[in-house]
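Read the structure below first, then the notes.
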Amino acid sequence: MRYLFVLLIFSDWMLNLAQASLDKENIIKISSLKVECEGDRELCKQFQDSFKLNPNKLFTEAGLYNFLSISFQENFIKNAKFQILKDQDLYRMRVIVQTKIKLKNIQYKIIHNSKPVEFTPQGFSHLEYFEDLNLDDLSRRILDDLESRGMIAEEVEVDTDSLLQDGNIRIFVNVLDVLHVKQIEYNAPLSYLSFLRERFHRFTKKQWSKVDFEIALDNFSRDLFYEGYYFSEIKYNAVILEKKHLSLKLNLIVGERYNLAPSGFKIFSRNEILAFMHNFIRNKSGLFDAEQIKNDLLLKYQERGLYGTTVTIRKQDGKDRLGQRMLVYYFEIHEGRKVAVTDYDFTGITFSRKRILSWLETLNSSLVDRNYVDETAYYKFVQVIKNEY
């Protein structure tokens with residue numbers, strides 16, 4: 001009996017090295033096959049059901065190697081090896097596979113002063129296998145998430161004793177301290193100080209929650225945006241004090257205030273027009289460009305099939321109810337009209353004209369169906385024609 005080769009899969013480099021050593025012209029006929037699997041019972045059955053290698057099938061050595069390397073690429077395989085024994089002209093194969101551990105659940109037990117804390121860290125529910133779970137990362141994320149909710153802990157205990165039996169791991173954390181917001185310092189234009197205090201005073205004397213506080217910041221920024229402060233900026237700094245307290249400092253820069261006043265629209269509603277403008281401004285962070293807003297608006301009309309639309313812009317300085325300077329931009333819209341299509345002209349075609357015109361139905365354009373110009377649909381039509389050829 002002759003020992004042919006044994007391969008333990010660890011890396012692509014080792015696989016390629018093994019493949020290079022094979023005699024590609026040698027023909028192998030597997031006379032018997034034994035598959036052994038260690039690990040999760042369901043995963044072992046899944047591998048054995050999918051590992052289709054019929055006895056008496058002929059392979060070149062390179063072909064057999066490729067078949068095995070593909071079979072061992074399942075993401076639930078931790079490691080695998082195979083052994084082929086040659087006895088005269090007969091080849092017997094033994095395959096040994098070790099699966100990963102299927103992760104069914106992560107159970108959390110977090111307590112403070114011997115009382116349970118309702119808290120579930122996010123970001124690990126998608127993991128299928130224990131080997132894919134980074135325990136250091138898990139511990140760090142838990143401690144960071146707890147701190148963002150005002151809870152301070154020093155370590156995370158991970159219990160994996162019953163992992164093989166039930167697929168569960170258990171997490172235990174003892175929260176040592178709970179942070180409360182002691183004070184908030186406000187730095188803002190005088191006219192906005194009272195408004196800022198009114199929105200954020202509710203966080204003082206309460207347990208710190210970074211998540212809730214940043215949601216409040218986002219909502220405040222959104223409200224400022226719709227008030228016309230398109231480029232306002234609000235930031236905060238949190239400092240942990242002694243005796244489990246937290247100090248916050250809020251800094252607000254409101255910048256210029258704008259007012260957009262569109263008129264003359266019929267095809268679009270006022271809300272749609274303002275939504276077009278606001279989306280443009282958001283995508284141009286820190287820059288207000290009335291001409292580009294106008295061009296974006298003209299493009300929206302063209303996409304609706306209206307050509308010849310014009311927009312006139314007029315700027316005026318004004319003041320808001322607090323006496324602050326406000327820049328008013330008037331956009332006077334003169335809507336264009338739909339352009340009728342009288343005929344289609346094709347050159348260099350081999351399909352019949354009637355057949356090509358039938359492809360217009362695939363565009364799903366109400367404008368084209370009613371014989372109006374729809375440039376977006378016609379760009380798609382060019383691609384349809386290419387695909388048919």
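By order in the structure tokens, chains are A, B, ...; within a chain, residues start at 1; ligands start at 1, following the order shown.
Using only C-alpha atoms, the residues found no farther than 7 Å from stretch 107-124 of chain A, other than those of its own chain fewer than 3 positions away, are Leu127, Ile142, Asp145, Ile169, Arg170, Ile171, Phe172, Val173, Asn174, Val175 and Leu176 of chain A.
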Closest-contact table, stretch 144-164 of chain A side, partner stretch 241-265 of chain A, 10 Å, counting only C-alpha atoms, as CSV:
```
residue,atom,partner,partner_atom,distance
A:Gly150,CA,A:Leu246,CA,8.9
A:Met151,CA,A:Lys244,CA,9.6
A:Ile152,CA,A:Lys244,CA,9.2
```
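Taking atom CA of A:Arg282 and atom CA of A:Leu224 as endpoints, the distance between them is 12.9 Å.
When only C-alpha atoms are used to measure the gap to A:Ala62, the shortest distance among A:Ser209, A:Asn26, A:Thr376, A:Ser191 belongs to A:Asn26.
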Quiz prompt | Who sits within 12 Å of A:Arg222, only C-alpha atoms, same chain under 4 positions skipped, as a ChimeraX atom specification | solution = /A:215-218,226-234,278,282
For the residues in the current selection, export C-alpha atoms as a short mmCIF file (atom, residue, chain, number, x, y, z; two decimals), in the first residue's frame.
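Listing of again32.cif after writing:
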```
data_model
loop_
_atom_site.label_atom_id
_atom_site.label_comp_id
_atom_site.auth_asym_id
_atom_site.auth_seq_id
_atom_site.Cartn_x
_atom_site.Cartn_y
_atom_site.Cartn_z
CA ILE A 215 -31.21 62.42 18.60
CA ALA A 216 -32.25 65.70 20.24
CA LEU A 217 -29.30 67.43 18.53
CA ASP A 218 -30.31 66.04 15.14
CA TYR A 226 -36.33 74.34 7.97
CA GLU A 227 -36.19 77.76 9.66
CA GLY A 228 -33.75 78.73 6.89
CA TYR A 229 -30.47 78.27 8.78
CA TYR A 230 -29.15 75.88 6.15
CA PHE A 231 -25.56 75.85 7.35
CA SER A 232 -26.00 75.98 11.12
CA GLU A 233 -23.69 73.87 13.26
CA ILE A 234 -24.18 72.55 16.78
CA HIS A 278 -33.67 71.61 0.14
CA ARG A 282 -28.12 69.44 1.77
#
```
